[in-house]
Amino acid sequence: MTQSAWMATARAQGLLPEGDETVAVGRPWPVVLLTALGAWLAVLPLLGFLALLFGSAWDQGATAYLVGGALLALAVTLLRAQDLALFLEQFALPLLLLGLCGLGYGLGRDLPPRVAAVASLLLDAALIALLPRAWLRLLLGAAAAPLLVLLLAPHWGLSQDPALWGAVHGVLLLWALGLALQHRLGLDARRAAVAAAMEPVLQGWALALLAMLAWLAGPSFMVAGALGGGVMRELGGLAFRLLGSWDGAVLASLSVAATLAAGLVLMRAWPVLRRWRMLPALLLLAGLALLLPALGASLLVLALAASRRRWPLAIAAAAAALWVLGSFYYRLDWLLADKALVLVGGGALLGLWVRFAFGGFTLASSALARPDPGARGGRVAVLATALLSLLLVNGLIWQKEHLIASGRPVYVKLAPVDPRSLIQGDYMRLNYELPGQVAVQGLWGRRPRLELRVDERGIASEPRLLADGEAARPGLQLLELSPVNGRWTLVSDAWFFEEGQEPKLRAAAYGEFRVQPDGRALLVGLVDEQLRRVP
């Protein structure tokens with residue numbers, strides 16, 4: 001229905017007065033963004049003033065409650081006002097956060113964890129009832145999820161304690177019950193306003209829950225190269241270490257049960273899925289959920305959101321499920337080859353299921369069997385691309401083999417570095433005793449070069465960074481640097497090895513290179529102090 005038709009219908013039903021053509025116009029987002037920036041900047045002096053005024057009084061007594069309560073009351077008053085100026089509306093948000101932080105600090109300081117969580121939840125519920133703006137209710141709903149987790153598991157940590165996982169699944173169950181209650185209330189016109197008020201709260205609740213599931217799953221292969229760290233890798237191994245215990249079996253069962261519940265939800269919502277041919281896909285996902293404790297809950301959120309046509313939330317749940325699937329790459333108690341076999345086998349089973357359940361790709365229909373004038377050109381393009389790819393790859397292989405066969409053996413001393421990392425399987429991070437790498441700026445110009453003195457054993461020493469255009473002195477070896485991870489180094493900063501070989505790599509003392517006269521080099525291995533290959 002167009003806007004004019006909608007307004008005409010509303011006037012006919014008495015919802016709008018006759019002749020009323022006013023249309024609510026939203027605020028442009030650049031104006032809102034700049035105003036919010038100004039409001040946050042205005043709060044910073046207030047924060048400094050409060051810190052100087054009260055000082056150490058925050059740590060004891062009722063100061064945190066009094067100041068936090070006053071800021072919270074002021075923020076609620078501003079946000080409940082009608083026709084509030086944009087600056088004051090944006091100014092009220094940091095005041096609200098400061099008030100909540102003050103009260104939360106006092107509650108956490110003076111009360112046991114569960115009592116503090118109950119008090120915080122009651123305050124959160126009161127704010128949801130008092131503040132009518134949907135975006136604020138979404139944020140408050142997101143805050144409710146971790147508070148409920150803290151209530152159910154107040155003493156969780158980074159240990160092998162499944163209480164946190166159980167609490168997350170308990171919060172998921174409460175969210176599903178809240179979704180069912182909202183649906184029932186929405187069917188009654190007298191309670192539709194309550195159902196509408198619950199919508200942003202449940203949205204925020206689910207988004208926070210998905211974020212917790214992704215965090216519990218640990219780093220994913222999708223972005224771990226940029227975000228993964230030591231703590232995240234430890235968290236990534238937490239779920240998989242749990243699976244070897246009785247508690248781990250309970251978590252796996254919860255994940256499988258959530259996956260099966262997700263399938264039942266979708267089958268109930270969409271009758272087209274109530275067929276035997278959908279069963280293999282569900283069993284495949286249940287098998288993956290057996291290995292990934294966070295997968296089942298993510299799939300259940302996805303199913304409930306999709307069945308209720310909450311597509312933005314369904315997309316967020318799908319992204320969380322993909323993240324959890326990617327975390328399987330970091331399962332520390334499996335070999336890379338075994339993980340690859342599981343993923344390849346799962347993909348093959350999924351392909352076979354598509355082929356036999358849906359008939360795959362067939363040319364049985366006359367429309368598909370009809371010759372396509374552009375099909376021949378497409379096939380030629382595919383074959384040409386494949387041939388070009390083969391030529392390019394084999395050309396690069398031949399180039400490297402030629403460099404290995406004809407290059408001069410040069411051994412460069414390794415600098416001390418962490419001998420193992422898990423971002424891309426098992427590999428040793430390499431660092432070389434080279435000068436001036438940090439001082440070199442710009443990765444897009446001509447590659448910098450070094451000159452090195454090489455003794456009769458091939459060991460390089462006395463490296464010197466050459467100026468742009470400067471030639472190496474007679475008798476010295478020229479060596480070209482390569483850009484890796486935002487800096488210049490020799491060929492590569494990593495040496496990959498087979499799992500289980502890490503102890504042998506600790507003896508590595510030199511990187512073995514094959515170097516051409518023009519400075520092009522290739523790392524071919526690692527050697528010990530006696531120039532013997534390791535491992």
# chains A, B, ... in the order shown; residues from 1 in each chain; ligands from 1
$ closest_atom_pairs --of "stretch 267-332 of chain A" --to "stretch 176-187 of chain A" --cutoff "12 Å" --atoms "only C-alpha atoms" --output "tab-separated table"
residue	atom	partner	partner_atom	distance
A:Ala297	CA	A:Ala176	CA	10.9
A:Leu300	CA	A:Ala176	CA	9.1
A:Val301	CA	A:Ala176	CA	8.3
A:Leu302	CA	A:Ala176	CA	11.5
A:Ala303	CA	A:Ala176	CA	10.9
A:Leu304	CA	A:Ala176	CA	7.9
A:Ala305	CA	A:Leu179	CA	9.5
A:Ser307	CA	A:Leu179	CA	11.4
A:Arg308	CA	A:His183	CA	9.1
A:Arg310	CA	A:Leu179	CA	11.4
$ residues_around --residues "stretch 97-100 of chain A" --least-positions-apart "4" --cutoff "12 Å" --atoms "only C-alpha atoms" --output "PyMOL selection string"
chain A and resi 40+43-44+46-47+50-51+63-76+90-93+104-108+119-121+123-124+127+136+139-140+143
$ write_last_selection --atoms "C-alpha atoms" --output "PDB file, in the first residue's frame"
ATOM      1  CA  TRP A  40      29.740  12.874  24.295  1.00  0.00           C
ATOM      2  CA  VAL A  43      30.124  14.776  29.040  1.00  0.00           C
ATOM      3  CA  LEU A  44      33.905  14.350  29.338  1.00  0.00           C
ATOM      4  CA  LEU A  46      31.506  16.429  33.642  1.00  0.00           C
ATOM      5  CA  LEU A  47      33.175  13.072  34.165  1.00  0.00           C
ATOM      6  CA  LEU A  50      32.928  14.189  39.264  1.00  0.00           C
ATOM      7  CA  ALA A  51      36.233  12.333  39.593  1.00  0.00           C
ATOM      8  CA  THR A  63      28.696   8.106  46.910  1.00  0.00           C
ATOM      9  CA  ALA A  64      28.375   5.663  44.015  1.00  0.00           C
ATOM     10  CA  TYR A  65      24.663   5.194  44.762  1.00  0.00           C
ATOM     11  CA  LEU A  66      23.889   8.886  45.226  1.00  0.00           C
ATOM     12  CA  VAL A  67      25.754  10.182  42.200  1.00  0.00           C
ATOM     13  CA  GLY A  68      24.768   7.240  40.005  1.00  0.00           C
ATOM     14  CA  GLY A  69      21.126   7.539  41.039  1.00  0.00           C
ATOM     15  CA  ALA A  70      21.097  11.299  40.411  1.00  0.00           C
ATOM     16  CA  LEU A  71      22.612  10.917  36.935  1.00  0.00           C
ATOM     17  CA  LEU A  72      20.201   8.099  36.143  1.00  0.00           C
ATOM     18  CA  ALA A  73      17.187  10.108  37.288  1.00  0.00           C
ATOM     19  CA  LEU A  74      18.274  13.103  35.197  1.00  0.00           C
ATOM     20  CA  ALA A  75      18.798  10.909  32.119  1.00  0.00           C
ATOM     21  CA  VAL A  76      15.397   9.221  32.489  1.00  0.00           C
ATOM     22  CA  GLN A  90      22.012  12.537  22.810  1.00  0.00           C
ATOM     23  CA  PHE A  91      23.385  14.103  25.992  1.00  0.00           C
ATOM     24  CA  ALA A  92      21.057  11.916  28.062  1.00  0.00           C
ATOM     25  CA  LEU A  93      22.562   8.650  26.758  1.00  0.00           C
ATOM     26  CA  GLY A 104      26.548  -1.133  39.051  1.00  0.00           C
ATOM     27  CA  TYR A 105      29.885  -0.425  40.731  1.00  0.00           C
ATOM     28  CA  GLY A 106      28.192   0.070  44.080  1.00  0.00           C
ATOM     29  CA  LEU A 107      26.070  -3.069  43.746  1.00  0.00           C
ATOM     30  CA  GLY A 108      29.027  -5.198  42.686  1.00  0.00           C
ATOM     31  CA  ALA A 119      19.154  -5.905  41.617  1.00  0.00           C
ATOM     32  CA  SER A 120      20.652  -5.001  38.228  1.00  0.00           C
ATOM     33  CA  LEU A 121      17.948  -6.984  36.415  1.00  0.00           C
ATOM     34  CA  LEU A 123      16.775  -1.846  37.481  1.00  0.00           C
ATOM     35  CA  ASP A 124      17.038  -2.925  33.848  1.00  0.00           C
ATOM     36  CA  LEU A 127      14.256   1.320  32.695  1.00  0.00           C
ATOM     37  CA  LEU A 136      17.125   2.172  24.178  1.00  0.00           C
ATOM     38  CA  LEU A 139      20.315  -1.869  24.387  1.00  0.00           C
ATOM     39  CA  LEU A 140      18.658  -2.644  27.714  1.00  0.00           C
ATOM     40  CA  ALA A 143      22.251  -5.894  28.839  1.00  0.00           C
TER      41      ALA A 143
END
$ atom_distance --atom1 "atom CA of A:Ala507" --atom2 "atom CA of A:Tyr411"
14.7 Å
$ atom_distance --atom1 "atom CA of A:Gly351" --atom2 "atom CA of A:Ala214"
27.0 Å
$ select_by_dssp --residues "stretch 101-314 of chain A" --states "alpha helix (DSSP H)" --output "PyMOL selection string"
chain A and resi 101-110+113-130+134-152+163-186+192-217+224-227+230-242+246-269+279-291+295-307+311-314
$ atom_distance --atom1 "atom CA of A:Leu33" --atom2 "atom CA of A:Ala134"
17.7 Å
